[in-house]
$ cat coords-v4.pdb   # PDB, C-alpha atoms
MODEL        1
ATOM      1  CA  MET J 848      95.973  21.121   3.355  1.00  0.00           C
ATOM      2  CA  ILE J 849      93.753  23.979   4.475  1.00  0.00           C
ATOM      3  CA  ASP J 850      92.230  24.327   7.921  1.00  0.00           C
ATOM      4  CA  LEU J 851      88.702  25.743   7.633  1.00  0.00           C
ATOM      5  CA  TYR J 852      87.154  27.395  10.663  1.00  0.00           C
ATOM      6  CA  THR J 853      83.445  27.720  10.028  1.00  0.00           C
ATOM      7  CA  PHE J 854      79.866  27.289  11.172  1.00  0.00           C
ATOM      8  CA  LYS J 855      76.472  26.681   9.571  1.00  0.00           C
ATOM      9  CA  THR J 856      75.856  30.191   8.253  1.00  0.00           C
ATOM     10  CA  PRO J 857      75.709  31.527   4.676  1.00  0.00           C
ATOM     11  CA  ASN J 858      79.114  33.190   5.026  1.00  0.00           C
ATOM     12  CA  GLY J 859      80.646  30.011   6.384  1.00  0.00           C
ATOM     13  CA  ARG J 860      79.250  27.887   3.599  1.00  0.00           C
ATOM     14  CA  LYS J 861      80.694  30.094   0.887  1.00  0.00           C
ATOM     15  CA  VAL J 862      84.166  28.796   1.675  1.00  0.00           C
ATOM     16  CA  SER J 863      83.249  25.134   2.096  1.00  0.00           C
ATOM     17  CA  ILE J 864      81.487  25.235  -1.287  1.00  0.00           C
ATOM     18  CA  ALA J 865      84.550  26.815  -2.898  1.00  0.00           C
ATOM     19  CA  LEU J 866      86.888  24.238  -1.390  1.00  0.00           C
ATOM     20  CA  GLU J 867      84.620  21.430  -2.602  1.00  0.00           C
ATOM     21  CA  GLU J 868      84.401  22.932  -6.093  1.00  0.00           C
ATOM     22  CA  LEU J 869      88.167  23.347  -6.286  1.00  0.00           C
ATOM     23  CA  GLY J 870      88.946  19.908  -4.868  1.00  0.00           C
ATOM     24  CA  ILE J 871      91.377  21.321  -2.309  1.00  0.00           C
ATOM     25  CA  PRO J 872      91.985  19.037   0.694  1.00  0.00           C
ATOM     26  CA  TYR J 873      90.792  20.680   3.907  1.00  0.00           C
ATOM     27  CA  LYS J 874      90.026  19.947   7.511  1.00  0.00           C
ATOM     28  CA  THR J 875      86.927  21.420   9.118  1.00  0.00           C
ATOM     29  CA  HIS J 876      86.959  23.015  12.553  1.00  0.00           C
ATOM     30  CA  ALA J 877      83.466  23.911  13.738  1.00  0.00           C
ATOM     31  CA  VAL J 878      83.375  27.261  15.539  1.00  0.00           C
ATOM     32  CA  ASP J 879      80.044  27.257  17.375  1.00  0.00           C
ATOM     33  CA  ILE J 880      79.133  30.939  17.388  1.00  0.00           C
ATOM     34  CA  SER J 881      76.008  30.184  19.439  1.00  0.00           C
ATOM     35  CA  LYS J 882      78.320  29.164  22.300  1.00  0.00           C
ATOM     36  CA  GLY J 883      80.872  31.946  21.890  1.00  0.00           C
ATOM     37  CA  ASP J 884      83.631  29.820  20.360  1.00  0.00           C
ATOM     38  CA  GLN J 885      84.565  32.773  18.140  1.00  0.00           C
ATOM     39  CA  PHE J 886      85.881  34.631  21.192  1.00  0.00           C
ATOM     40  CA  LYS J 887      88.289  31.910  22.286  1.00  0.00           C
ATOM     41  CA  PRO J 888      91.974  32.956  22.202  1.00  0.00           C
ATOM     42  CA  GLU J 889      92.928  30.188  19.788  1.00  0.00           C
ATOM     43  CA  PHE J 890      90.410  31.437  17.217  1.00  0.00           C
ATOM     44  CA  LEU J 891      91.225  35.114  17.780  1.00  0.00           C
ATOM     45  CA  ALA J 892      94.830  34.261  16.950  1.00  0.00           C
ATOM     46  CA  ILE J 893      93.574  33.336  13.471  1.00  0.00           C
ATOM     47  CA  ASN J 894      90.891  35.991  13.100  1.00  0.00           C
ATOM     48  CA  PRO J 895      91.149  39.034  15.366  1.00  0.00           C
ATOM     49  CA  ASN J 896      87.699  40.121  14.158  1.00  0.00           C
ATOM     50  CA  ASN J 897      86.080  37.061  15.839  1.00  0.00           C
ATOM     51  CA  LYS J 898      83.916  36.144  12.838  1.00  0.00           C
ATOM     52  CA  ILE J 899      83.637  32.993  10.778  1.00  0.00           C
ATOM     53  CA  PRO J 900      84.823  31.825   8.320  1.00  0.00           C
ATOM     54  CA  ALA J 901      88.599  31.818   8.475  1.00  0.00           C
ATOM     55  CA  ILE J 902      91.218  29.583   6.930  1.00  0.00           C
ATOM     56  CA  VAL J 903      94.833  28.673   7.469  1.00  0.00           C
ATOM     57  CA  ASP J 904      96.571  27.594   4.268  1.00  0.00           C
ATOM     58  CA  HIS J 905      99.600  25.449   5.075  1.00  0.00           C
ATOM     59  CA  ASP J 906     100.678  25.486   1.428  1.00  0.00           C
ATOM     60  CA  ALA J 907     100.656  29.240   0.919  1.00  0.00           C
ATOM     61  CA  PRO J 908     102.998  31.304  -1.251  1.00  0.00           C
ATOM     62  CA  GLY J 909     106.307  31.932   0.471  1.00  0.00           C
ATOM     63  CA  GLY J 910     106.352  28.573   2.209  1.00  0.00           C
ATOM     64  CA  ARG J 911     104.754  29.778   5.445  1.00  0.00           C
ATOM     65  CA  PRO J 912     101.167  29.150   6.670  1.00  0.00           C
ATOM     66  CA  LEU J 913      98.775  31.958   5.809  1.00  0.00           C
ATOM     67  CA  ALA J 914      95.754  32.818   7.980  1.00  0.00           C
ATOM     68  CA  LEU J 915      92.913  34.627   6.237  1.00  0.00           C
ATOM     69  CA  PHE J 916      89.542  35.957   7.346  1.00  0.00           C
ATOM     70  CA  GLU J 917      86.625  37.646   5.542  1.00  0.00           C
ATOM     71  CA  SER J 918      84.748  35.303   3.225  1.00  0.00           C
ATOM     72  CA  GLY J 919      85.158  37.471   0.131  1.00  0.00           C
ATOM     73  CA  ALA J 920      88.907  37.751   0.637  1.00  0.00           C
ATOM     74  CA  ILE J 921      89.137  33.983   1.102  1.00  0.00           C
ATOM     75  CA  LEU J 922      87.189  33.328  -2.106  1.00  0.00           C
ATOM     76  CA  LEU J 923      89.437  35.691  -4.069  1.00  0.00           C
ATOM     77  CA  TYR J 924      92.543  34.062  -2.614  1.00  0.00           C
ATOM     78  CA  LEU J 925      91.391  30.537  -3.440  1.00  0.00           C
ATOM     79  CA  ALA J 926      90.396  31.524  -6.983  1.00  0.00           C
ATOM     80  CA  GLU J 927      93.731  33.197  -7.637  1.00  0.00           C
ATOM     81  CA  LYS J 928      95.693  30.379  -5.986  1.00  0.00           C
ATOM     82  CA  THR J 929      94.095  27.741  -8.209  1.00  0.00           C
ATOM     83  CA  GLY J 930      93.336  29.737 -11.351  1.00  0.00           C
ATOM     84  CA  SER J 931      89.717  28.572 -11.195  1.00  0.00           C
ATOM     85  CA  LEU J 932      86.266  30.098 -10.608  1.00  0.00           C
ATOM     86  CA  MET J 933      87.549  33.486 -11.775  1.00  0.00           C
ATOM     87  CA  PRO J 934      88.217  34.572 -15.377  1.00  0.00           C
ATOM     88  CA  THR J 935      91.778  35.579 -16.190  1.00  0.00           C
ATOM     89  CA  ASP J 936      90.923  38.291 -18.712  1.00  0.00           C
ATOM     90  CA  PRO J 937      90.511  41.773 -17.178  1.00  0.00           C
ATOM     91  CA  ARG J 938      86.927  42.252 -18.375  1.00  0.00           C
ATOM     92  CA  GLY J 939      85.708  38.897 -17.089  1.00  0.00           C
ATOM     93  CA  LYS J 940      87.570  39.326 -13.815  1.00  0.00           C
ATOM     94  CA  ALA J 941      86.022  42.769 -13.296  1.00  0.00           C
ATOM     95  CA  GLU J 942      82.542  41.384 -13.954  1.00  0.00           C
ATOM     96  CA  VAL J 943      82.929  38.626 -11.377  1.00  0.00           C
ATOM     97  CA  THR J 944      84.478  40.995  -8.855  1.00  0.00           C
ATOM     98  CA  GLN J 945      81.614  43.480  -9.084  1.00  0.00           C
ATOM     99  CA  TRP J 946      79.029  40.785  -8.329  1.00  0.00           C
ATOM    100  CA  LEU J 947      81.152  39.429  -5.499  1.00  0.00           C
ATOM    101  CA  MET J 948      81.328  42.940  -4.013  1.00  0.00           C
ATOM    102  CA  PHE J 949      77.581  43.357  -4.564  1.00  0.00           C
ATOM    103  CA  GLN J 950      77.011  40.294  -2.408  1.00  0.00           C
ATOM    104  CA  MET J 951      79.507  41.374   0.231  1.00  0.00           C
ATOM    105  CA  SER J 952      78.325  44.974   0.574  1.00  0.00           C
ATOM    106  CA  GLY J 953      74.640  44.729  -0.334  1.00  0.00           C
ATOM    107  CA  LEU J 954      72.838  41.439  -0.611  1.00  0.00           C
ATOM    108  CA  GLY J 955      74.451  39.736   2.395  1.00  0.00           C
ATOM    109  CA  PRO J 956      74.243  42.609   4.882  1.00  0.00           C
ATOM    110  CA  ILE J 957      70.669  43.546   3.953  1.00  0.00           C
ATOM    111  CA  LEU J 958      69.352  39.999   4.130  1.00  0.00           C
ATOM    112  CA  GLY J 959      71.326  39.515   7.337  1.00  0.00           C
ATOM    113  CA  GLN J 960      69.746  42.567   8.970  1.00  0.00           C
ATOM    114  CA  LEU J 961      66.288  41.461   7.846  1.00  0.00           C
ATOM    115  CA  ASN J 962      66.947  38.062   9.376  1.00  0.00           C
ATOM    116  CA  HIS J 963      68.047  39.671  12.636  1.00  0.00           C
ATOM    117  CA  PHE J 964      65.195  42.155  13.023  1.00  0.00           C
ATOM    118  CA  GLY J 965      62.562  39.863  11.523  1.00  0.00           C
ATOM    119  CA  ARG J 966      63.421  36.670  13.428  1.00  0.00           C
ATOM    120  CA  PHE J 967      65.782  37.171  16.347  1.00  0.00           C
ATOM    121  CA  ALA J 968      65.415  40.678  17.790  1.00  0.00           C
ATOM    122  CA  SER J 969      63.897  40.509  21.272  1.00  0.00           C
ATOM    123  CA  THR J 970      61.997  43.715  20.551  1.00  0.00           C
ATOM    124  CA  LYS J 971      60.253  43.986  17.198  1.00  0.00           C
ATOM    125  CA  VAL J 972      61.010  47.284  15.497  1.00  0.00           C
ATOM    126  CA  PRO J 973      58.507  47.777  12.654  1.00  0.00           C
ATOM    127  CA  TYR J 974      60.568  50.544  11.052  1.00  0.00           C
ATOM    128  CA  ALA J 975      63.681  48.340  10.862  1.00  0.00           C
ATOM    129  CA  ILE J 976      61.752  45.360   9.532  1.00  0.00           C
ATOM    130  CA  ASP J 977      60.064  47.477   6.860  1.00  0.00           C
ATOM    131  CA  ARG J 978      63.335  49.194   5.959  1.00  0.00           C
ATOM    132  CA  PHE J 979      65.289  45.996   5.376  1.00  0.00           C
ATOM    133  CA  GLN J 980      62.366  44.162   3.777  1.00  0.00           C
ATOM    134  CA  THR J 981      61.957  46.951   1.228  1.00  0.00           C
ATOM    135  CA  GLU J 982      65.658  47.029   0.448  1.00  0.00           C
ATOM    136  CA  ALA J 983      65.799  43.217   0.266  1.00  0.00           C
ATOM    137  CA  LYS J 984      63.047  43.228  -2.361  1.00  0.00           C
ATOM    138  CA  ARG J 985      64.933  45.844  -4.371  1.00  0.00           C
ATOM    139  CA  ILE J 986      68.190  43.874  -4.241  1.00  0.00           C
ATOM    140  CA  LEU J 987      66.472  40.624  -5.162  1.00  0.00           C
ATOM    141  CA  GLY J 988      64.993  42.453  -8.132  1.00  0.00           C
ATOM    142  CA  VAL J 989      68.493  43.433  -9.247  1.00  0.00           C
ATOM    143  CA  VAL J 990      69.609  39.800  -9.082  1.00  0.00           C
ATOM    144  CA  ASP J 991      66.498  38.479 -10.804  1.00  0.00           C
ATOM    145  CA  ARG J 992      66.886  40.911 -13.711  1.00  0.00           C
ATOM    146  CA  GLN J 993      70.560  39.990 -14.085  1.00  0.00           C
ATOM    147  CA  LEU J 994      69.598  36.328 -14.351  1.00  0.00           C
ATOM    148  CA  ALA J 995      66.897  36.941 -16.957  1.00  0.00           C
ATOM    149  CA  SER J 996      69.326  36.393 -19.843  1.00  0.00           C
ATOM    150  CA  ARG J 997      72.072  34.273 -18.298  1.00  0.00           C
ATOM    151  CA  ASP J 998      72.588  31.193 -16.157  1.00  0.00           C
ATOM    152  CA  TYR J 999      74.995  32.812 -13.697  1.00  0.00           C
ATOM    153  CA  LEU J1000      75.663  36.282 -12.318  1.00  0.00           C
ATOM    154  CA  ALA J1001      78.688  36.768 -14.550  1.00  0.00           C
ATOM    155  CA  THR J1002      79.484  35.088 -17.867  1.00  0.00           C
ATOM    156  CA  THR J1003      80.411  31.771 -16.256  1.00  0.00           C
ATOM    157  CA  TYR J1004      79.954  30.062 -12.889  1.00  0.00           C
ATOM    158  CA  SER J1005      82.300  31.776 -10.450  1.00  0.00           C
ATOM    159  CA  ILE J1006      83.046  32.782  -6.887  1.00  0.00           C
ATOM    160  CA  ALA J1007      80.318  35.422  -7.262  1.00  0.00           C
ATOM    161  CA  ASP J1008      77.737  32.631  -7.482  1.00  0.00           C
ATOM    162  CA  ILE J1009      79.362  30.734  -4.625  1.00  0.00           C
ATOM    163  CA  ALA J1010      79.099  33.856  -2.452  1.00  0.00           C
ATOM    164  CA  THR J1011      75.496  34.550  -3.430  1.00  0.00           C
ATOM    165  CA  TYR J1012      73.870  31.123  -3.412  1.00  0.00           C
ATOM    166  CA  PRO J1013      73.916  30.391   0.352  1.00  0.00           C
ATOM    167  CA  TRP J1014      72.365  33.770   1.133  1.00  0.00           C
ATOM    168  CA  LEU J1015      69.581  33.383  -1.417  1.00  0.00           C
ATOM    169  CA  LYS J1016      68.904  29.799  -0.368  1.00  0.00           C
ATOM    170  CA  GLY J1017      68.694  30.581   3.349  1.00  0.00           C
ATOM    171  CA  SER J1018      66.627  33.717   2.882  1.00  0.00           C
ATOM    172  CA  ARG J1019      64.091  31.989   0.654  1.00  0.00           C
ATOM    173  CA  ASP J1020      63.618  29.307   3.317  1.00  0.00           C
ATOM    174  CA  PHE J1021      62.828  31.907   5.997  1.00  0.00           C
ATOM    175  CA  PHE J1022      61.202  34.678   3.921  1.00  0.00           C
ATOM    176  CA  PRO J1023      59.488  32.914   0.990  1.00  0.00           C
ATOM    177  CA  ASP J1024      57.186  35.867   0.265  1.00  0.00           C
ATOM    178  CA  LEU J1025      60.188  37.966  -0.756  1.00  0.00           C
ATOM    179  CA  PHE J1026      60.739  35.591  -3.665  1.00  0.00           C
ATOM    180  CA  ASN J1027      57.203  35.573  -5.077  1.00  0.00           C
ATOM    181  CA  ASP J1028      58.197  37.524  -8.193  1.00  0.00           C
ATOM    182  CA  THR J1029      61.696  36.160  -8.702  1.00  0.00           C
ATOM    183  CA  HIS J1030      61.240  33.349 -11.206  1.00  0.00           C
ATOM    184  CA  ASN J1031      64.800  33.665 -12.486  1.00  0.00           C
ATOM    185  CA  ILE J1032      66.236  33.350  -8.975  1.00  0.00           C
ATOM    186  CA  THR J1033      64.158  30.210  -8.424  1.00  0.00           C
ATOM    187  CA  GLN J1034      65.681  28.614 -11.514  1.00  0.00           C
ATOM    188  CA  TYR J1035      69.134  29.830 -10.492  1.00  0.00           C
ATOM    189  CA  LEU J1036      68.837  28.264  -7.038  1.00  0.00           C
ATOM    190  CA  HIS J1037      67.933  24.939  -8.625  1.00  0.00           C
ATOM    191  CA  ARG J1038      70.764  25.230 -11.164  1.00  0.00           C
ATOM    192  CA  VAL J1039      73.471  26.055  -8.641  1.00  0.00           C
ATOM    193  CA  GLY J1040      72.007  23.862  -5.905  1.00  0.00           C
ATOM    194  CA  SER J1041      72.140  20.836  -8.209  1.00  0.00           C
ATOM    195  CA  ARG J1042      75.925  20.952  -8.352  1.00  0.00           C
ATOM    196  CA  PRO J1043      77.388  18.088  -6.266  1.00  0.00           C
ATOM    197  CA  ALA J1044      80.110  20.299  -4.798  1.00  0.00           C
ATOM    198  CA  VAL J1045      77.529  22.852  -3.696  1.00  0.00           C
ATOM    199  CA  GLN J1046      75.474  20.138  -2.048  1.00  0.00           C
ATOM    200  CA  ARG J1047      78.528  18.857  -0.185  1.00  0.00           C
ATOM    201  CA  GLY J1048      79.652  22.326   0.836  1.00  0.00           C
ATOM    202  CA  MET J1049      76.228  23.229   2.196  1.00  0.00           C
ATOM    203  CA  GLN J1050      76.529  20.342   4.672  1.00  0.00           C
ATOM    204  CA  ILE J1051      79.737  21.698   6.244  1.00  0.00           C
ATOM    205  CA  PRO J1052      80.042  21.579   9.196  1.00  0.00           C
TER     206      PRO J1052
ENDMDL
END

$ encode --input "coords-v4.pdb" --output "structure tokens"
Amino acid sequence: MIDLYTFKTPNGRKVSIALEELGIPYKTHAVDISKGDQFKPEFLAINPNNKIPAIVDHDAPGGRPLALFESGAILLYLAEKTGSLMPTDPRGKAEVTQWLMFQMSGLGPILGQLNHFGRFASTKVPYAIDRFQTEAKRILGVVDRQLASRDYLATTYSIADIATYPWLKGSRDFFPDLFNDTHNITQYLHRVGSRPAVQRGMQIP
């Protein structure tokens, strides 16, 4: 059994999708970041960085519970624990890892900053909005070109897709104009979003 501490954000839904895909039993604990639940002592004991998601695996190697934070680290752990959603050959593993890191270091942060400055900032800063909008378009172009000749980011469906899908889905809902010239991403969102496990994971919590 895994305890999942999460909320309705793209990063949170990465892990619920992975758990659904892998068929691992888990219990959901909603951490309402809009109310400051992430700063409560009981959550900080699991994740000192006060961010969701986090997990506690009660069936971890070594026989002791393992607490993990950072969505990318959790996805890698779950893939390695189960031997699924990640190729075992070095070349395939490297390919998946690079696209997972691309999401973690590029696509997620840029779309997140655009969301902040474009929707939530109390003071609109045109420079910031233009900066992150321009970079978001560039990054989406990278993804769209990668998907021109393949169904998934790497050779097969993997944790790289699980990490990327919630961010693309949420961003297209709020910034549809960014996706005007991304036909391959549109097909990809339908392809991945049609998976039953993805649909279930996107509803958690």

$ axis_aligned_box --input "coords-v4.pdb" --around "segment 981-999 of chain J" --padding-each-side "4 Å" --output "JSON"
{"center_x": 68.5, "center_y": 39.1, "center_z": -9.3, "size_x": 21.0, "size_y": 23.8, "size_z": 29.1}

$ resolve_selection --input "coords-v4.pdb" --expression "the PyMOL selection byres ((chain J and resi 1036) around 12)" --output "PyMOL selection string"
chain J and resi 990-991+994+998-1000+1008-1009+1011-1020+1026+1029-1035+1037-1042+1045-1046

$ atom_distance --input "coords-v4.pdb" --atom1 "atom CA of Arg1047 of chain J" --atom2 "atom CA of Ser863 of chain J"
8.2 Å

$ atom_distance --input "coords-v4.pdb" --atom1 "atom CA of Phe890 of chain J" --atom2 "atom CA of Tyr852 of chain J"
8.4 Å

$ residues_near_point --input "coords-v4.pdb" --point "(89.7, 34.4, 10.0)" --cutoff "7 Å" --atoms "all atoms listed in the file" --output "PyMOL selection string"
chain J and resi 893-894+898-902+914-917

$ residues_around --input "coords-v4.pdb" --residues "Ala983 of chain J" --least-positions-apart "5" --cutoff "8 Å" --atoms "all atoms listed in the file" --output "list in words"
Leu954, Ile957, Leu958, Leu961 and Leu1025 of chain J

$ resolve_selection --input "coords-v4.pdb" --expression "the PyMOL selection byres ((chain J and resi 873) around 6)" --output "PyMOL selection string"
chain J and resi 848-850+872+874

$ residues_around --input "coords-v4.pdb" --residues "Ile1006 of chain J" --least-positions-apart "6" --cutoff "12 Å" --atoms "all atoms listed in the file" --output "number ranges by chain"
J: 861-866, 868-869, 918-927, 930-934, 940, 942-948, 950-951, 999-1000, 1012-1013, 1039, 1045

$ decode --input "coords-v4.pdb" --residues "segment 915-942 of chain J" --atoms "N, CA, C and O atoms" --output "PDB file, in the first residue's frame"
ATOM      1  N   LEU J 915       8.930   9.731  -0.146  1.00  0.00           N
ATOM      2  CA  LEU J 915       9.563  10.339  -1.313  1.00  0.00           C
ATOM      3  C   LEU J 915       8.801  11.585  -1.731  1.00  0.00           C
ATOM      4  O   LEU J 915       7.563  11.591  -1.718  1.00  0.00           O
ATOM      5  N   PHE J 916       9.547  12.618  -2.131  1.00  0.00           N
ATOM      6  CA  PHE J 916       8.930  13.785  -2.756  1.00  0.00           C
ATOM      7  C   PHE J 916       9.625  14.062  -4.080  1.00  0.00           C
ATOM      8  O   PHE J 916      10.581  13.374  -4.429  1.00  0.00           O
ATOM      9  N   GLU J 917       9.131  15.052  -4.808  1.00  0.00           N
ATOM     10  CA  GLU J 917       9.509  15.382  -6.181  1.00  0.00           C
ATOM     11  C   GLU J 917       8.875  14.373  -7.147  1.00  0.00           C
ATOM     12  O   GLU J 917       9.193  13.185  -7.135  1.00  0.00           O
ATOM     13  N   SER J 918       7.991  14.893  -7.994  1.00  0.00           N
ATOM     14  CA  SER J 918       7.207  14.020  -8.869  1.00  0.00           C
ATOM     15  C   SER J 918       8.073  13.174  -9.795  1.00  0.00           C
ATOM     16  O   SER J 918       7.787  11.999 -10.020  1.00  0.00           O
ATOM     17  N   GLY J 919       9.137  13.755 -10.339  1.00  0.00           N
ATOM     18  CA  GLY J 919       9.999  12.985 -11.228  1.00  0.00           C
ATOM     19  C   GLY J 919      10.686  11.846 -10.512  1.00  0.00           C
ATOM     20  O   GLY J 919      10.800  10.739 -11.038  1.00  0.00           O
ATOM     21  N   ALA J 920      11.157  12.108  -9.291  1.00  0.00           N
ATOM     22  CA  ALA J 920      11.801  11.063  -8.499  1.00  0.00           C
ATOM     23  C   ALA J 920      10.813   9.949  -8.163  1.00  0.00           C
ATOM     24  O   ALA J 920      11.162   8.764  -8.176  1.00  0.00           O
ATOM     25  N   ILE J 921       9.573  10.331  -7.869  1.00  0.00           N
ATOM     26  CA  ILE J 921       8.548   9.330  -7.557  1.00  0.00           C
ATOM     27  C   ILE J 921       8.263   8.459  -8.777  1.00  0.00           C
ATOM     28  O   ILE J 921       8.149   7.231  -8.673  1.00  0.00           O
ATOM     29  N   LEU J 922       8.144   9.082  -9.951  1.00  0.00           N
ATOM     30  CA  LEU J 922       7.881   8.316 -11.168  1.00  0.00           C
ATOM     31  C   LEU J 922       9.020   7.336 -11.453  1.00  0.00           C
ATOM     32  O   LEU J 922       8.778   6.175 -11.821  1.00  0.00           O
ATOM     33  N   LEU J 923      10.254   7.786 -11.307  1.00  0.00           N
ATOM     34  CA  LEU J 923      11.395   6.895 -11.521  1.00  0.00           C
ATOM     35  C   LEU J 923      11.378   5.738 -10.522  1.00  0.00           C
ATOM     36  O   LEU J 923      11.624   4.581 -10.891  1.00  0.00           O
ATOM     37  N   TYR J 924      11.076   6.038  -9.286  1.00  0.00           N
ATOM     38  CA  TYR J 924      11.035   5.001  -8.250  1.00  0.00           C
ATOM     39  C   TYR J 924       9.967   3.959  -8.567  1.00  0.00           C
ATOM     40  O   TYR J 924      10.227   2.743  -8.487  1.00  0.00           O
ATOM     41  N   LEU J 925       8.773   4.418  -8.924  1.00  0.00           N
ATOM     42  CA  LEU J 925       7.682   3.488  -9.200  1.00  0.00           C
ATOM     43  C   LEU J 925       7.983   2.634 -10.434  1.00  0.00           C
ATOM     44  O   LEU J 925       7.677   1.434 -10.464  1.00  0.00           O
ATOM     45  N   ALA J 926       8.590   3.240 -11.451  1.00  0.00           N
ATOM     46  CA  ALA J 926       8.937   2.485 -12.655  1.00  0.00           C
ATOM     47  C   ALA J 926       9.977   1.415 -12.348  1.00  0.00           C
ATOM     48  O   ALA J 926       9.872   0.271 -12.805  1.00  0.00           O
ATOM     49  N   GLU J 927      10.984   1.776 -11.570  1.00  0.00           N
ATOM     50  CA  GLU J 927      12.029   0.820 -11.239  1.00  0.00           C
ATOM     51  C   GLU J 927      11.522  -0.254 -10.271  1.00  0.00           C
ATOM     52  O   GLU J 927      11.911  -1.423 -10.364  1.00  0.00           O
ATOM     53  N   LYS J 928      10.640   0.127  -9.373  1.00  0.00           N
ATOM     54  CA  LYS J 928      10.087  -0.825  -8.403  1.00  0.00           C
ATOM     55  C   LYS J 928       9.283  -1.920  -9.097  1.00  0.00           C
ATOM     56  O   LYS J 928       9.338  -3.090  -8.714  1.00  0.00           O
ATOM     57  N   THR J 929       8.538  -1.518 -10.141  1.00  0.00           N
ATOM     58  CA  THR J 929       7.633  -2.452 -10.808  1.00  0.00           C
ATOM     59  C   THR J 929       8.194  -3.029 -12.102  1.00  0.00           C
ATOM     60  O   THR J 929       7.656  -4.010 -12.626  1.00  0.00           O
ATOM     61  N   GLY J 930       9.241  -2.424 -12.637  1.00  0.00           N
ATOM     62  CA  GLY J 930       9.765  -2.865 -13.925  1.00  0.00           C
ATOM     63  C   GLY J 930       8.853  -2.518 -15.082  1.00  0.00           C
ATOM     64  O   GLY J 930       8.892  -3.175 -16.127  1.00  0.00           O
ATOM     65  N   SER J 931       8.052  -1.472 -14.924  1.00  0.00           N
ATOM     66  CA  SER J 931       7.101  -1.066 -15.962  1.00  0.00           C
ATOM     67  C   SER J 931       7.246   0.430 -16.255  1.00  0.00           C
ATOM     68  O   SER J 931       7.779   1.191 -15.445  1.00  0.00           O
ATOM     69  N   LEU J 932       6.763   0.809 -17.431  1.00  0.00           N
ATOM     70  CA  LEU J 932       6.726   2.216 -17.878  1.00  0.00           C
ATOM     71  C   LEU J 932       8.111   2.817 -18.057  1.00  0.00           C
ATOM     72  O   LEU J 932       8.258   4.035 -18.143  1.00  0.00           O
ATOM     73  N   MET J 933       9.123   1.962 -18.109  1.00  0.00           N
ATOM     74  CA  MET J 933      10.499   2.386 -18.354  1.00  0.00           C
ATOM     75  C   MET J 933      11.241   1.227 -19.000  1.00  0.00           C
ATOM     76  O   MET J 933      11.267   0.123 -18.439  1.00  0.00           O
ATOM     77  N   PRO J 934      11.840   1.432 -20.179  1.00  0.00           N
ATOM     78  CA  PRO J 934      12.598   0.350 -20.812  1.00  0.00           C
ATOM     79  C   PRO J 934      13.747  -0.116 -19.920  1.00  0.00           C
ATOM     80  O   PRO J 934      14.264   0.640 -19.088  1.00  0.00           O
ATOM     81  N   THR J 935      14.148  -1.353 -20.085  1.00  0.00           N
ATOM     82  CA  THR J 935      15.257  -1.883 -19.295  1.00  0.00           C
ATOM     83  C   THR J 935      16.590  -1.775 -20.025  1.00  0.00           C
ATOM     84  O   THR J 935      17.644  -1.805 -19.387  1.00  0.00           O
ATOM     85  N   ASP J 936      16.563  -1.645 -21.357  1.00  0.00           N
ATOM     86  CA  ASP J 936      17.814  -1.509 -22.082  1.00  0.00           C
ATOM     87  C   ASP J 936      18.356  -0.091 -21.912  1.00  0.00           C
ATOM     88  O   ASP J 936      17.592   0.871 -21.809  1.00  0.00           O
ATOM     89  N   PRO J 937      19.674   0.079 -21.855  1.00  0.00           N
ATOM     90  CA  PRO J 937      20.259   1.391 -21.577  1.00  0.00           C
ATOM     91  C   PRO J 937      19.823   2.490 -22.554  1.00  0.00           C
ATOM     92  O   PRO J 937      19.574   3.631 -22.147  1.00  0.00           O
ATOM     93  N   ARG J 938      19.725   2.163 -23.833  1.00  0.00           N
ATOM     94  CA  ARG J 938      19.351   3.173 -24.819  1.00  0.00           C
ATOM     95  C   ARG J 938      17.910   3.636 -24.606  1.00  0.00           C
ATOM     96  O   ARG J 938      17.619   4.839 -24.601  1.00  0.00           O
ATOM     97  N   GLY J 939      17.004   2.685 -24.434  1.00  0.00           N
ATOM     98  CA  GLY J 939      15.608   3.048 -24.216  1.00  0.00           C
ATOM     99  C   GLY J 939      15.414   3.796 -22.912  1.00  0.00           C
ATOM    100  O   GLY J 939      14.636   4.753 -22.842  1.00  0.00           O
ATOM    101  N   LYS J 940      16.126   3.376 -21.867  1.00  0.00           N
ATOM    102  CA  LYS J 940      16.026   4.044 -20.583  1.00  0.00           C
ATOM    103  C   LYS J 940      16.530   5.475 -20.677  1.00  0.00           C
ATOM    104  O   LYS J 940      15.927   6.402 -20.117  1.00  0.00           O
ATOM    105  N   ALA J 941      17.625   5.681 -21.401  1.00  0.00           N
ATOM    106  CA  ALA J 941      18.172   7.035 -21.569  1.00  0.00           C
ATOM    107  C   ALA J 941      17.198   7.925 -22.326  1.00  0.00           C
ATOM    108  O   ALA J 941      17.035   9.119 -22.000  1.00  0.00           O
ATOM    109  N   GLU J 942      16.523   7.365 -23.324  1.00  0.00           N
ATOM    110  CA  GLU J 942      15.576   8.150 -24.115  1.00  0.00           C
ATOM    111  C   GLU J 942      14.399   8.610 -23.261  1.00  0.00           C
ATOM    112  O   GLU J 942      14.000   9.777 -23.316  1.00  0.00           O
TER     113      GLU J 942
END
